[in-house]
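**Student:** Compact mmCIF, C-alpha atoms, file start08.txt:
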# COMPACT_ATOMS: atom_id res chain seq x y z
CA ARG A 272 0.00 0.00 0.00
CA SER A 273 1.04 3.54 -0.50
CA SER A 274 -0.59 6.82 0.42
CA SER A 275 0.15 10.48 -0.12
CA ILE A 276 -0.71 13.76 1.51
CA ILE A 277 -0.90 16.75 -0.78
CA SER A 278 -2.09 20.29 -0.22
CA ASP A 279 -2.44 23.35 -2.36
CA GLN A 280 0.04 26.19 -1.96
CA GLY A 281 -0.86 28.50 0.88
CA ALA A 282 -2.52 25.86 3.04
CA GLU A 283 -2.08 26.80 6.68
CA VAL A 284 -2.64 24.78 9.79
CA GLN A 285 -3.12 26.47 13.11
CA GLY A 286 -3.12 24.90 16.51
CA LEU A 287 -1.53 21.57 15.86
CA SER A 288 -1.77 21.35 12.19
CA THR A 289 -0.81 19.75 8.99
CA GLY A 290 -1.19 22.04 6.06
CA VAL A 291 0.53 21.35 2.83
CA GLY A 292 2.09 24.01 0.79
CA ASP A 293 4.47 24.39 -2.09
CA SER A 294 4.33 22.19 -5.13
CA ALA A 295 6.84 19.37 -5.11
CA THR A 296 10.08 19.32 -7.00
CA GLY A 297 12.68 16.65 -7.38
CA GLY A 298 12.59 12.90 -7.67
CA THR A 299 10.08 10.39 -8.90
CA ASP A 300 8.09 10.07 -5.70
CA VAL A 301 7.79 13.82 -5.27
CA GLN A 302 6.73 14.38 -8.87
CA GLY A 303 4.12 11.74 -8.48
CA LEU A 304 2.72 13.60 -5.52
CA SER A 305 2.65 16.95 -7.26
CA THR A 306 0.75 15.57 -10.24
CA ALA A 307 -1.71 13.85 -7.94
CA VAL A 308 -3.50 17.13 -7.30
CA GLY A 309 -5.20 16.66 -10.65
CA ASP A 310 -6.66 13.28 -9.74
CA ASN A 311 -10.32 12.78 -8.95
CA VAL A 312 -11.10 13.76 -5.38
CA THR A 313 -12.53 10.96 -3.32
CA GLY A 314 -15.12 11.82 -0.72
CA ALA A 315 -15.69 9.91 2.47
CA GLY A 316 -18.83 8.35 1.04
CA ASN A 317 -17.18 6.85 -2.02
CA ASP A 318 -16.18 3.54 -0.48
CA GLN A 319 -15.30 1.85 -3.74
CA GLN A 320 -12.73 4.47 -4.72
CA LEU A 321 -11.40 4.66 -1.15
CA LEU A 322 -10.73 0.92 -1.14
CA SER A 323 -9.16 0.88 -4.58
CA GLY A 324 -6.82 3.72 -3.69
CA SER A 325 -7.19 5.22 -7.16
CA GLY A 326 -8.35 8.69 -6.08
CA THR A 327 -7.26 11.71 -4.10
CA PHE A 328 -8.71 12.04 -0.62
CA ASN A 329 -9.77 15.62 0.13
CA VAL A 330 -9.59 16.33 3.87
CA LYS A 331 -12.69 18.51 3.54
CA ALA A 332 -14.68 15.40 2.65
CA TYR A 333 -14.00 14.25 6.23
CA GLY A 334 -15.54 17.21 8.01
CA VAL A 335 -12.51 19.52 7.91
CA LYS A 336 -13.55 23.20 7.81
CA GLY A 337 -10.25 24.94 7.13
CA ASN A 338 -11.43 28.25 8.55
CA GLY A 339 -8.64 28.69 11.11
CA LYS A 340 -11.13 28.58 13.99
CA THR A 341 -12.76 25.16 14.00
CA ASP A 342 -10.71 22.30 15.44
CA ASP A 343 -10.03 20.07 12.43
CA THR A 344 -8.05 17.41 14.28
CA LYS A 345 -10.57 14.58 13.93
CA GLY A 346 -11.08 15.25 10.24
CA PHE A 347 -7.35 15.06 9.57
CA GLN A 348 -7.05 11.83 11.52
CA SER A 349 -9.97 10.27 9.64
CA ALA A 350 -8.57 11.28 6.28
CA TRP A 351 -5.13 9.90 7.16
CA LYS A 352 -6.64 6.65 8.36
CA ALA A 353 -8.54 6.21 5.11
CA ALA A 354 -5.52 6.95 2.94
CA CYS A 355 -3.25 4.72 5.00
CA ALA A 356 -5.72 1.81 4.83
CA ALA A 357 -6.34 2.07 1.10
CA SER A 358 -4.58 -0.09 -1.45
CA GLY A 359 -2.71 1.25 -4.43
CA SER A 360 -1.41 4.82 -4.17
CA PRO A 361 -4.11 7.01 -2.67
CA LYS A 362 -3.36 10.69 -2.03
CA LEU A 363 -4.57 12.88 0.79
CA TRP A 364 -5.29 16.39 -0.46
CA ILE A 365 -5.29 19.46 1.80
CA PRO A 366 -6.82 22.35 -0.17
CA LYS A 367 -5.71 25.94 0.25
CA GLY A 368 -6.79 27.30 3.61
CA THR A 369 -6.00 27.67 7.29
CA TYR A 370 -6.33 24.61 9.50
CA LEU A 371 -6.55 24.50 13.27
CA ILE A 372 -5.63 21.10 14.61
CA GLY A 373 -4.31 19.76 17.88
CA PRO A 374 -1.67 17.03 18.48
CA VAL A 375 -1.93 14.54 15.63
CA LYS A 376 -0.55 11.03 15.33
CA PHE A 377 -0.06 9.88 11.76
CA THR A 378 0.51 6.22 12.50
CA GLY A 379 0.71 2.99 10.52
CA PRO A 380 1.45 0.34 9.76
CA CYS A 381 1.26 1.51 6.18
CA LYS A 382 3.80 1.71 3.38
CA ASN A 383 4.96 4.48 1.09
CA ALA A 384 2.91 7.25 2.64
CA LYS A 385 3.81 10.52 0.96
CA THR A 386 3.23 13.92 2.52
CA ILE A 387 3.66 17.47 1.30
CA THR A 388 3.42 20.02 4.07
CA GLY A 389 2.54 23.73 4.05
CA THR A 390 2.26 26.24 6.90
CA LEU A 391 1.23 24.91 10.28
CA LEU A 392 0.86 26.82 13.52
CA GLY A 393 1.18 24.91 16.78
CA SER A 394 -1.30 25.64 19.53
CA SER A 395 0.14 27.59 22.43
CA ASN A 396 -2.28 25.83 24.80
CA LEU A 397 -0.03 23.29 26.52
CA GLY A 398 -3.09 21.60 28.03
CA GLN A 399 -3.96 20.20 24.61
CA TYR A 400 -0.84 18.09 24.41
CA ALA A 401 -1.11 15.91 27.52
CA GLY A 402 2.49 14.79 27.19
CA ASN A 403 2.30 14.26 23.43
CA ASP A 404 4.40 15.88 20.75
CA TRP A 405 2.81 18.00 18.06
CA LEU A 406 3.05 16.09 14.78
CA GLN A 407 3.89 12.43 15.27
CA PHE A 408 4.63 9.96 12.52
CA GLY A 409 4.89 6.38 13.71
CA TRP A 410 5.23 2.80 12.46
CA LEU A 411 5.56 3.82 8.84
CA ASN A 412 7.71 2.49 6.00
CA GLY A 413 8.49 4.63 2.95
CA LEU A 414 7.19 7.97 4.25
CA THR A 415 7.99 11.01 2.09
CA ILE A 416 7.58 14.56 3.41
CA THR A 417 8.35 17.35 0.95
CA GLY A 418 7.00 20.63 -0.37
CA GLY A 419 8.79 23.45 1.44
CA GLY A 420 6.15 23.78 4.14
CA THR A 421 6.64 25.43 7.52
CA LEU A 422 5.93 24.01 10.98
CA ASP A 423 5.63 26.93 13.38
CA GLY A 424 5.49 25.68 16.96
CA GLN A 425 4.82 29.15 18.37
CA GLY A 426 7.07 28.22 21.27
CA ALA A 427 7.67 31.65 22.80
CA GLN A 428 4.72 31.33 25.17
CA ALA A 429 5.79 27.83 26.23
CA TRP A 430 9.51 28.40 26.82
CA PRO A 431 9.02 30.04 30.26
CA HIS A 432 7.34 26.80 31.40
CA ASN A 433 10.38 24.68 30.51
CA LYS A 434 12.12 23.59 33.73
CA CYS A 435 14.58 21.19 32.07
CA PRO A 436 17.48 23.69 31.91
CA LYS A 437 17.39 23.83 35.72
CA THR A 438 16.70 20.27 36.83
CA LYS A 439 16.81 16.65 35.63
CA GLN A 440 13.35 16.15 37.07
CA CYS A 441 11.23 17.94 34.50
CA ASN A 442 8.41 17.44 32.06
CA THR A 443 9.48 17.89 28.46
CA LEU A 444 7.45 20.13 26.19
CA PRO A 445 6.12 19.03 22.77
CA ALA A 446 8.49 18.62 19.85
CA ASN A 447 7.38 20.01 16.50
CA LEU A 448 7.92 16.76 14.62
CA LYS A 449 8.48 13.29 16.07
CA PHE A 450 9.34 10.07 14.28
CA ASN A 451 8.74 6.73 16.02
CA ALA A 452 9.68 3.50 14.24
CA VAL A 453 9.80 5.10 10.80
CA THR A 454 11.89 3.31 8.16
CA ASN A 455 13.17 3.85 4.63
CA SER A 456 11.87 7.41 4.42
CA PHE A 457 12.71 10.81 2.97
CA VAL A 458 12.17 14.35 4.30
CA LYS A 459 13.07 17.29 2.09
CA GLY A 460 12.78 21.06 2.12
CA ILE A 461 10.58 21.62 5.14
CA LYS A 462 11.02 24.43 7.66
CA SER A 463 10.62 24.23 11.43
CA VAL A 464 10.29 27.44 13.41
CA ASN A 465 10.12 28.17 17.15
CA SER A 466 9.45 24.70 18.44
CA LYS A 467 8.44 24.42 22.08
CA PHE A 468 11.15 21.79 22.62
CA PHE A 469 13.12 19.75 20.06
CA HIS A 470 12.27 20.69 16.50
CA ILE A 471 12.69 17.18 15.12
CA GLY A 472 13.14 14.10 17.25
CA MET A 473 13.38 10.45 16.34
CA VAL A 474 13.60 7.13 18.11
CA ASP A 475 13.79 3.58 16.72
CA THR A 476 13.95 5.12 13.25
CA HIS A 477 16.09 3.66 10.47
CA ASN A 478 17.29 4.60 7.00
CA VAL A 479 15.85 8.11 6.75
CA GLN A 480 17.28 11.02 4.76
CA PHE A 481 16.76 14.65 5.77
CA ILE A 482 17.71 17.05 2.98
CA GLY A 483 17.50 20.82 2.67
CA LEU A 484 15.87 21.55 6.02
CA THR A 485 15.68 25.00 7.61
CA ILE A 486 15.33 25.01 11.39
CA THR A 487 15.26 28.25 13.38
CA ALA A 488 14.62 29.51 16.90
CA PRO A 489 16.14 32.33 19.00
CA ASP A 490 19.50 31.57 20.61
CA ALA A 491 17.92 31.99 24.06
CA SER A 492 15.12 29.46 23.45
CA PRO A 493 15.66 26.48 25.81
CA ASN A 494 16.09 22.89 24.60
CA THR A 495 15.16 23.72 21.03
CA ASP A 496 17.58 21.19 19.54
CA GLY A 497 17.32 21.20 15.78
CA ILE A 498 17.44 17.44 15.25
CA HIS A 499 17.76 14.87 18.03
CA ILE A 500 18.59 11.29 17.05
CA GLU A 501 18.23 8.41 19.49
CA ARG A 502 18.23 4.59 19.12
CA SER A 503 18.27 5.05 15.37
CA SER A 504 20.48 4.03 12.45
CA GLY A 505 21.16 4.95 8.86
CA ILE A 506 20.16 8.59 9.38
CA SER A 507 21.60 11.29 7.13
CA VAL A 508 21.20 15.05 7.44
CA VAL A 509 22.32 16.87 4.30
CA ASP A 510 22.59 20.50 3.10
CA SER A 511 20.51 22.02 5.88
CA HIS A 512 20.58 25.26 7.87
CA ILE A 513 19.98 25.01 11.62
CA GLY A 514 20.04 27.89 14.09
CA THR A 515 18.46 27.33 17.52
CA GLY A 516 18.85 27.81 21.26
CA ASP A 517 20.47 24.41 21.81
CA ASP A 518 22.35 21.79 19.81
CA CYS A 519 21.89 22.11 16.08
CA ILE A 520 22.12 18.33 15.96
CA SER A 521 22.36 16.01 18.96
CA ILE A 522 23.13 12.32 18.60
CA GLY A 523 21.94 10.30 21.56
CA HIS A 524 22.56 6.77 22.79
CA GLY A 525 21.90 3.77 20.59
CA SER A 526 22.59 5.73 17.40
CA THR A 527 24.69 4.10 14.68
CA HIS A 528 25.74 4.98 11.14
CA ILE A 529 24.75 8.65 11.32
CA THR A 530 26.00 11.03 8.61
CA VAL A 531 25.83 14.83 8.75
CA THR A 532 27.10 16.72 5.70
CA GLY A 533 26.82 20.26 4.40
CA VAL A 534 25.06 21.62 7.49
CA THR A 535 25.38 25.26 8.57
CA CYS A 536 24.90 25.68 12.30
CA GLY A 537 24.35 28.87 14.27
CA PRO A 538 23.20 30.21 16.58
CA GLY A 539 23.12 27.27 18.96
CA HIS A 540 25.29 24.98 21.04
CA GLY A 541 26.99 23.24 18.11
CA ILE A 542 26.87 19.68 16.78
CA SER A 543 26.97 17.17 19.62
CA VAL A 544 27.31 13.51 20.34
CA GLY A 545 25.41 13.16 23.59
CA SER A 546 24.74 13.75 26.20
CA LEU A 547 25.54 10.14 27.04
CA GLY A 548 25.68 8.23 30.31
CA LYS A 549 22.61 9.73 31.91
CA TYR A 550 20.32 6.69 31.98
CA PRO A 551 20.72 2.99 32.88
CA LYS A 552 21.39 0.48 30.10
CA GLU A 553 22.17 3.00 27.40
CA GLN A 554 23.12 1.49 24.05
CA ASP A 555 26.42 2.23 22.31
CA VAL A 556 27.01 4.93 19.71
CA ARG A 557 29.05 3.96 16.63
CA GLY A 558 29.77 5.05 13.10
CA ILE A 559 29.29 8.83 13.23
CA ILE A 560 30.47 11.03 10.34
CA VAL A 561 30.19 14.83 10.39
CA LYS A 562 31.71 16.38 7.29
CA GLY A 563 31.77 19.63 5.33
CA CYS A 564 29.86 21.70 7.88
CA THR A 565 30.14 25.36 8.94
CA LEU A 566 29.47 26.63 12.45
CA THR A 567 29.11 30.33 13.18
CA GLY A 568 28.89 32.00 16.59
CA THR A 569 27.87 28.84 18.40
CA MET A 570 28.57 28.11 22.07
CA ASN A 571 30.45 24.96 21.09
CA GLY A 572 31.71 23.48 17.87
CA ILE A 573 32.02 19.71 17.62
CA ARG A 574 31.25 18.37 21.07
CA ILE A 575 31.16 14.94 22.69
CA LYS A 576 29.52 15.16 26.11
CA THR A 577 28.98 12.53 28.79
CA TRP A 578 27.69 12.68 32.34
CA GLU A 579 29.59 11.78 35.45
CA ASN A 580 27.88 9.33 37.83
CA SER A 581 26.94 7.15 34.85
CA PRO A 582 24.57 4.41 36.05
CA GLY A 583 26.28 1.88 33.77
CA PRO A 584 29.01 1.45 31.15
CA SER A 585 28.60 2.22 27.46
CA THR A 586 30.80 3.05 24.48
CA ALA A 587 30.91 5.74 21.80
CA ALA A 588 33.35 4.82 19.04
CA ASN A 589 34.30 5.15 15.39
CA MET A 590 33.51 8.86 14.99
CA THR A 591 34.99 11.17 12.36
CA PHE A 592 34.66 14.94 12.15
CA ASP A 593 36.16 16.21 8.91
CA ASN A 594 36.45 19.47 6.97
CA ILE A 595 34.65 21.70 9.47
CA ILE A 596 34.79 25.52 9.39
CA MET A 597 34.49 27.41 12.70
CA ASN A 598 33.60 31.11 12.64
CA ASN A 599 34.04 32.71 16.08
CA VAL A 600 32.95 29.52 17.82
CA GLY A 601 33.32 28.81 21.53
CA ASN A 602 35.10 25.51 22.25
CA PRO A 603 35.54 24.49 18.60
CA ILE A 604 36.74 20.98 19.52
CA ILE A 605 35.60 19.66 22.87
CA ILE A 606 35.33 16.33 24.62
CA ASP A 607 33.58 16.94 27.93
CA GLN A 608 33.19 13.90 30.16
CA THR A 609 32.20 16.03 33.15
CA TYR A 610 29.10 17.39 31.43
CA CYS A 611 26.73 19.30 33.69
CA PRO A 612 24.19 21.70 32.18
CA PHE A 613 23.08 22.94 35.60
CA SER A 614 24.73 25.31 38.05
CA LYS A 615 25.88 22.30 40.07
CA CYS A 616 25.81 18.51 39.71
CA ALA A 617 26.48 15.94 42.42
CA VAL A 618 29.58 13.92 41.57
CA SER A 619 30.43 10.59 43.17
CA SER A 620 32.12 8.79 40.25
CA ALA A 621 33.69 9.49 36.90
CA SER A 622 31.86 8.92 33.65
CA LYS A 623 31.65 5.27 32.58
CA VAL A 624 31.20 6.10 28.89
CA LYS A 625 34.21 4.82 26.96
CA LEU A 626 35.26 7.07 24.05
CA GLN A 627 37.56 5.61 21.41
CA ASP A 628 38.54 5.77 17.74
CA ILE A 629 37.76 9.45 17.26
CA THR A 630 39.25 11.60 14.48
CA PHE A 631 39.12 15.39 14.18
CA ARG A 632 40.49 16.27 10.73
CA ASN A 633 40.88 19.57 8.87
CA ILE A 634 39.09 21.66 11.48
CA ARG A 635 39.81 25.33 10.83
CA GLY A 636 38.67 28.85 11.58
CA THR A 637 38.46 31.08 14.65
CA SER A 638 37.78 30.38 18.29
CA LYS A 639 35.78 32.67 20.54
CA ASN A 640 37.63 31.31 23.57
CA PRO A 641 41.39 31.03 24.09
CA GLU A 642 40.99 27.29 24.73
CA ALA A 643 40.26 26.09 21.21
CA VAL A 644 40.84 22.38 21.84
CA THR A 645 39.59 20.64 24.98
CA LEU A 646 39.97 16.90 25.51
CA ASP A 647 38.61 16.35 29.03
CA CYS A 648 38.25 12.58 29.28
CA SER A 649 37.13 10.31 32.07
CA SER A 650 39.56 9.05 34.69
CA ALA A 651 37.57 5.81 34.91
CA VAL A 652 37.82 5.03 31.17
CA PRO A 653 40.40 7.31 29.52
CA CYS A 654 39.83 8.15 25.87
CA GLN A 655 41.60 5.87 23.39
CA ASN A 656 42.85 6.44 19.86
CA VAL A 657 41.91 10.11 19.56
CA ILE A 658 43.52 11.68 16.47
CA LEU A 659 43.78 15.37 15.62
CA GLU A 660 44.92 15.97 12.05
CA GLU A 661 45.46 19.34 10.33
CA ILE A 662 43.94 21.60 12.98
CA ASN A 663 44.08 25.39 12.45
CA LEU A 664 42.03 27.31 15.01
CA GLN A 665 43.03 30.92 15.56
CA HIS A 666 42.41 33.23 18.51
CA SER A 667 43.44 36.87 18.82
CA GLY A 668 45.24 36.21 22.10
CA GLY A 669 46.82 32.96 20.98
CA PRO A 670 44.87 29.69 21.02
CA LYS A 671 45.47 27.04 23.68
CA SER A 672 44.71 23.38 24.14
CA PHE A 673 43.90 21.19 27.14
CA CYS A 674 44.16 17.43 27.59
CA LYS A 675 43.20 15.19 30.50
CA ASN A 676 43.05 11.39 30.68
CA VAL A 677 43.90 10.99 27.02
CA LYS A 678 46.99 10.28 24.93
CA ALA A 679 46.01 11.92 21.67
CA LYS A 680 47.85 11.52 18.39
CA PHE A 681 48.64 14.73 16.48
CA VAL A 682 49.20 14.70 12.71
CA GLY A 683 50.17 17.61 10.46
CA LYS A 684 49.60 21.29 11.31
CA GLN A 685 48.46 21.91 14.87
CA ILE A 686 47.16 25.34 15.91
CA PRO A 687 46.91 25.49 18.86
CA ALA A 688 50.01 23.53 19.77
CA PRO A 689 49.38 19.98 20.97
CA CYS A 690 48.49 19.75 24.63
CA ALA A 691 50.53 17.80 27.14
CA ARG A 692 50.10 14.07 26.81
What is this file in structure tokens?

**Tutor:**
Amino acid sequence: RSSSIISDQGAEVQGLSTGVGDSATGGTDVQGLSTAVGDNVTGAGNDQQLLSGSGTFNVKAYGVKGNGKTDDTKGFQSAWKAACAASGSPKLWIPKGTYLIGPVKFTGPCKNAKTITGTLLGSSNLGQYAGNDWLQFGWLNGLTITGGGTLDGQGAQAWPHNKCPKTKQCNTLPANLKFNAVTNSFVKGIKSVNSKFFHIGMVDTHNVQFIGLTITAPDASPNTDGIHIERSSGISVVDSHIGTGDDCISIGHGSTHITVTGVTCGPGHGISVGSLGKYPKEQDVRGIIVKGCTLTGTMNGIRIKTWENSPGPSTAANMTFDNIIMNNVGNPIIIDQTYCPFSKCAVSSASKVKLQDITFRNIRGTSKNPEAVTLDCSSAVPCQNVILEEINLQHSGGPKSFCKNVKAKFVGKQIPAPCAR
């Protein structure tokens, strides 16, 4: 089975919404979606065409008003359910308009669901979410989201209610877009603005490409990570611009074979592996490649961060950071195994996260801080096989480096000078 979601240009969704906007460009799947607008529109009463999957499902045939005032959540869910259940290649059509919808779960199982998104405004009423994220895609294979649409979480009113920057014991706010158990999928050209929490989060998600994304939030917005990856594999983030109040990209535990290329980052906290070692029974991180990226004005550059007091051992290994430009970046290269985002953290033991087989290559530009290279590893499990090759990080006062619990290998040009081993 395959299904598609298509909307006319200018479709807007308010509250928790799913409008669909710009016409699709690009590959075969996307072209197929864009031409689907001309198909016959299937109403809710046309059971024969619904079952055959030969038509286009207009959300307005399912009670959706599209007036920006009426809650259209149920209509969207009904239309999605019909398209997902149909055989063939049905399309879900969102006509031009403004749509007010609350938290929506677009769940399967269904295969080859295709979505084109437009402008959506997230409700500022936190009571609507009841612990849920805003737009949730789950248990889907072959999902395609394209079209240059915008997801506006309208997070400014919610950020003051976020207690997570101050304490571990906190309730997380809704993410703009959440993927659960999504496989073999493709997301291109969408924009995410002012999410209440993470912009895009994923868990148990495999073989998904994210291309040409634009993710923005003010640099003071808390926990607005651009993309957070956890317990996922085969994820690639390509040619995207991310500027937020937290990590542009954060790679959490259980993530393997993650590739980040051509990303511009700033403002924000940089591109991070971690934080790791916070929870019991965390899975290992392996096979990370970050290449050809540019960071500007961020708090950190490339960062690996692990907690002290780790409840159990884990490993993060086989990571390469290559051809990265730093423009006035704080801590351009940093391993921090004493990570604490609060004013104070209780410490009774060193981090149990083992870091090994890490290469920083061709990292160049300017550092905001004198300490341009920091390798602060754990005394319990010192870092192994850390290589710095062709490093050129300038600072007006002279750049410095710091090493602890690591015997790093230095190859080629080294500015700052290699730290004591």

**Student:** Would you list the contacts of Lys552 in chain A as a PyMOL selection string, taking every protein, DNA or RNA residue within 10 Å and counting all atoms listed in the file, but skipping same-chain residues closer than 6 positions in sequence?

**Tutor:** chain A and resi 524+581-585

**Student:** Between A:Met590, A:Ala357, A:Ile365, A:Met570, which one has atoms that come closest to Leu626 in chain A, using only C-alpha atoms?

**Tutor:**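 Closest to Leu626 in chain A, using only C-alpha atoms: A:Met590.
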
**Student:** Just the residues within 8 Å of range 347-352 of chain A, please, counting all atoms listed in the file, with nothing from its chain fewer than 6 positions along; format it as an mmCIF file with C-alpha atoms, keeping the file's coordinate frame.

**Tutor:**
data_model
loop_
_atom_site.group_PDB
_atom_site.id
_atom_site.type_symbol
_atom_site.label_atom_id
_atom_site.label_comp_id
_atom_site.auth_asym_id
_atom_site.auth_seq_id
_atom_site.Cartn_x
_atom_site.Cartn_y
_atom_site.Cartn_z
ATOM 1 C CA PHE A 328 -8.710 12.040 -0.620
ATOM 2 C CA ASN A 329 -9.770 15.620 0.130
ATOM 3 C CA VAL A 330 -9.590 16.330 3.870
ATOM 4 C CA TYR A 333 -14.000 14.250 6.230
ATOM 5 C CA VAL A 335 -12.510 19.520 7.910
ATOM 6 C CA LEU A 363 -4.570 12.880 0.790
ATOM 7 C CA VAL A 375 -1.930 14.540 15.630
ATOM 8 C CA LYS A 376 -0.550 11.030 15.330
ATOM 9 C CA PHE A 377 -0.060 9.880 11.760
#

**Student:** Taking only residues of range 576-639 of chain A that have an atom at most 10 Å from an atom of range 418-436 of chain A, what is each one's shortest atom pair and its distance in Å to one decimal, using only C-alpha atoms, in chain and number order, as a Markdown table?

**Tutor:**
| residue | atom | partner | partner_atom | distance |
| --- | --- | --- | --- | --- |
| A:Pro612 | CA | A:Pro436 | CA | 7.0 |
| A:Phe613 | CA | A:Pro436 | CA | 6.7 |
| A:Ser614 | CA | A:Pro436 | CA | 9.6 |

**Student:** In terms of the shortest atom-to-atom distance over only C-alpha atoms, which of A:Gly683, A:Gly516, A:Gly483, A:Gly523 is closest to Phe469 in chain A?

**Tutor:**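 Closest candidate: A:Gly516.
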
**Student:** Which residue, A:Leu411, A:Val464, A:Val561, A:Leu397, has the smallest gap to Val508 in chain A when you use all atoms listed in the file?

**Tutor:**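 Of all the options, A:Val561 lies closest to Val508 in chain A.
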
**Student:** Just the residues within 12 Å of Gly497 in chain A, please, counting only C-alpha atoms, with nothing from its chain fewer than 4 positions along; format it as an MDAnalysis selection string.

**Tutor:** chainID A and resid 446:449 462:473 481 484:490 492:493 508 511:522 534:543

**Student:** Selection from above, C-alpha atoms, as a PDB file, in the frame of the given file, can you write it?

**Tutor:**
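Below you can see selection-v1.pdb, which holds the result:
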ATOM      1  CA  ALA A 446       8.490  18.620  19.850  1.00  0.00           C
ATOM      2  CA  ASN A 447       7.380  20.010  16.500  1.00  0.00           C
ATOM      3  CA  LEU A 448       7.920  16.760  14.620  1.00  0.00           C
ATOM      4  CA  LYS A 449       8.480  13.290  16.070  1.00  0.00           C
ATOM      5  CA  LYS A 462      11.020  24.430   7.660  1.00  0.00           C
ATOM      6  CA  SER A 463      10.620  24.230  11.430  1.00  0.00           C
ATOM      7  CA  VAL A 464      10.290  27.440  13.410  1.00  0.00           C
ATOM      8  CA  ASN A 465      10.120  28.170  17.150  1.00  0.00           C
ATOM      9  CA  SER A 466       9.450  24.700  18.440  1.00  0.00           C
ATOM     10  CA  LYS A 467       8.440  24.420  22.080  1.00  0.00           C
ATOM     11  CA  PHE A 468      11.150  21.790  22.620  1.00  0.00           C
ATOM     12  CA  PHE A 469      13.120  19.750  20.060  1.00  0.00           C
ATOM     13  CA  HIS A 470      12.270  20.690  16.500  1.00  0.00           C
ATOM     14  CA  ILE A 471      12.690  17.180  15.120  1.00  0.00           C
ATOM     15  CA  GLY A 472      13.140  14.100  17.250  1.00  0.00           C
ATOM     16  CA  MET A 473      13.380  10.450  16.340  1.00  0.00           C
ATOM     17  CA  PHE A 481      16.760  14.650   5.770  1.00  0.00           C
ATOM     18  CA  LEU A 484      15.870  21.550   6.020  1.00  0.00           C
ATOM     19  CA  THR A 485      15.680  25.000   7.610  1.00  0.00           C
ATOM     20  CA  ILE A 486      15.330  25.010  11.390  1.00  0.00           C
ATOM     21  CA  THR A 487      15.260  28.250  13.380  1.00  0.00           C
ATOM     22  CA  ALA A 488      14.620  29.510  16.900  1.00  0.00           C
ATOM     23  CA  PRO A 489      16.140  32.330  19.000  1.00  0.00           C
ATOM     24  CA  ASP A 490      19.500  31.570  20.610  1.00  0.00           C
ATOM     25  CA  SER A 492      15.120  29.460  23.450  1.00  0.00           C
ATOM     26  CA  PRO A 493      15.660  26.480  25.810  1.00  0.00           C
ATOM     27  CA  VAL A 508      21.200  15.050   7.440  1.00  0.00           C
ATOM     28  CA  SER A 511      20.510  22.020   5.880  1.00  0.00           C
ATOM     29  CA  HIS A 512      20.580  25.260   7.870  1.00  0.00           C
ATOM     30  CA  ILE A 513      19.980  25.010  11.620  1.00  0.00           C
ATOM     31  CA  GLY A 514      20.040  27.890  14.090  1.00  0.00           C
ATOM     32  CA  THR A 515      18.460  27.330  17.520  1.00  0.00           C
ATOM     33  CA  GLY A 516      18.850  27.810  21.260  1.00  0.00           C
ATOM     34  CA  ASP A 517      20.470  24.410  21.810  1.00  0.00           C
ATOM     35  CA  ASP A 518      22.350  21.790  19.810  1.00  0.00           C
ATOM     36  CA  CYS A 519      21.890  22.110  16.080  1.00  0.00           C
ATOM     37  CA  ILE A 520      22.120  18.330  15.960  1.00  0.00           C
ATOM     38  CA  SER A 521      22.360  16.010  18.960  1.00  0.00           C
ATOM     39  CA  ILE A 522      23.130  12.320  18.600  1.00  0.00           C
ATOM     40  CA  VAL A 534      25.060  21.620   7.490  1.00  0.00           C
ATOM     41  CA  THR A 535      25.380  25.260   8.570  1.00  0.00           C
ATOM     42  CA  CYS A 536      24.900  25.680  12.300  1.00  0.00           C
ATOM     43  CA  GLY A 537      24.350  28.870  14.270  1.00  0.00           C
ATOM     44  CA  PRO A 538      23.200  30.210  16.580  1.00  0.00           C
ATOM     45  CA  GLY A 539      23.120  27.270  18.960  1.00  0.00           C
ATOM     46  CA  HIS A 540      25.290  24.980  21.040  1.00  0.00           C
ATOM     47  CA  GLY A 541      26.990  23.240  18.110  1.00  0.00           C
ATOM     48  CA  ILE A 542      26.870  19.680  16.780  1.00  0.00           C
ATOM     49  CA  SER A 543      26.970  17.170  19.620  1.00  0.00           C
TER      50      SER A 543
END

**Student:** Looking at all atoms listed in the file, which of A:Asn412, A:Asn602, A:Gln627, A:Ser620 is the one that sits closest to Phe673 in chain A?

**Tutor:**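 Using all atoms listed in the file, Phe673 in chain A sits closest to A:Asn602.
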
**Student:** For Glu661 in chain A, list every protein, DNA or RNA residue within 9 Å, evaluated using all atoms listed in the file, and leave out those in the same chain fewer than 4 positions away; present the list as an MDAnalysis selection string.

**Tutor:** chainID A and resid 631:635 681:686

**Student:** With all atoms listed in the file as the counted atoms, please give the residues lying no more than 9 Å from Val453 in chain A, apart from itself and same-chain residues fewer than 5 positions off, as a list of chain:residue names.

**Tutor:**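 The filter keeps A:Phe408, A:Gly409, A:Trp410, A:Leu411, A:Asn412, A:Gly413, A:Leu414, A:Met473, A:Val474, A:Asp475, A:Thr476, A:His477, A:Asn478, A:Val479.
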
**Student:** Generate a file of the selected residues that holds C-alpha atoms, formatted as a compact mmCIF listing (two decimals), in the frame of the given file.

**Tutor:**
# COMPACT_ATOMS: atom_id res chain seq x y z
CA PHE A 408 4.63 9.96 12.52
CA GLY A 409 4.89 6.38 13.71
CA TRP A 410 5.23 2.80 12.46
CA LEU A 411 5.56 3.82 8.84
CA ASN A 412 7.71 2.49 6.00
CA GLY A 413 8.49 4.63 2.95
CA LEU A 414 7.19 7.97 4.25
CA MET A 473 13.38 10.45 16.34
CA VAL A 474 13.60 7.13 18.11
CA ASP A 475 13.79 3.58 16.72
CA THR A 476 13.95 5.12 13.25
CA HIS A 477 16.09 3.66 10.47
CA ASN A 478 17.29 4.60 7.00
CA VAL A 479 15.85 8.11 6.75
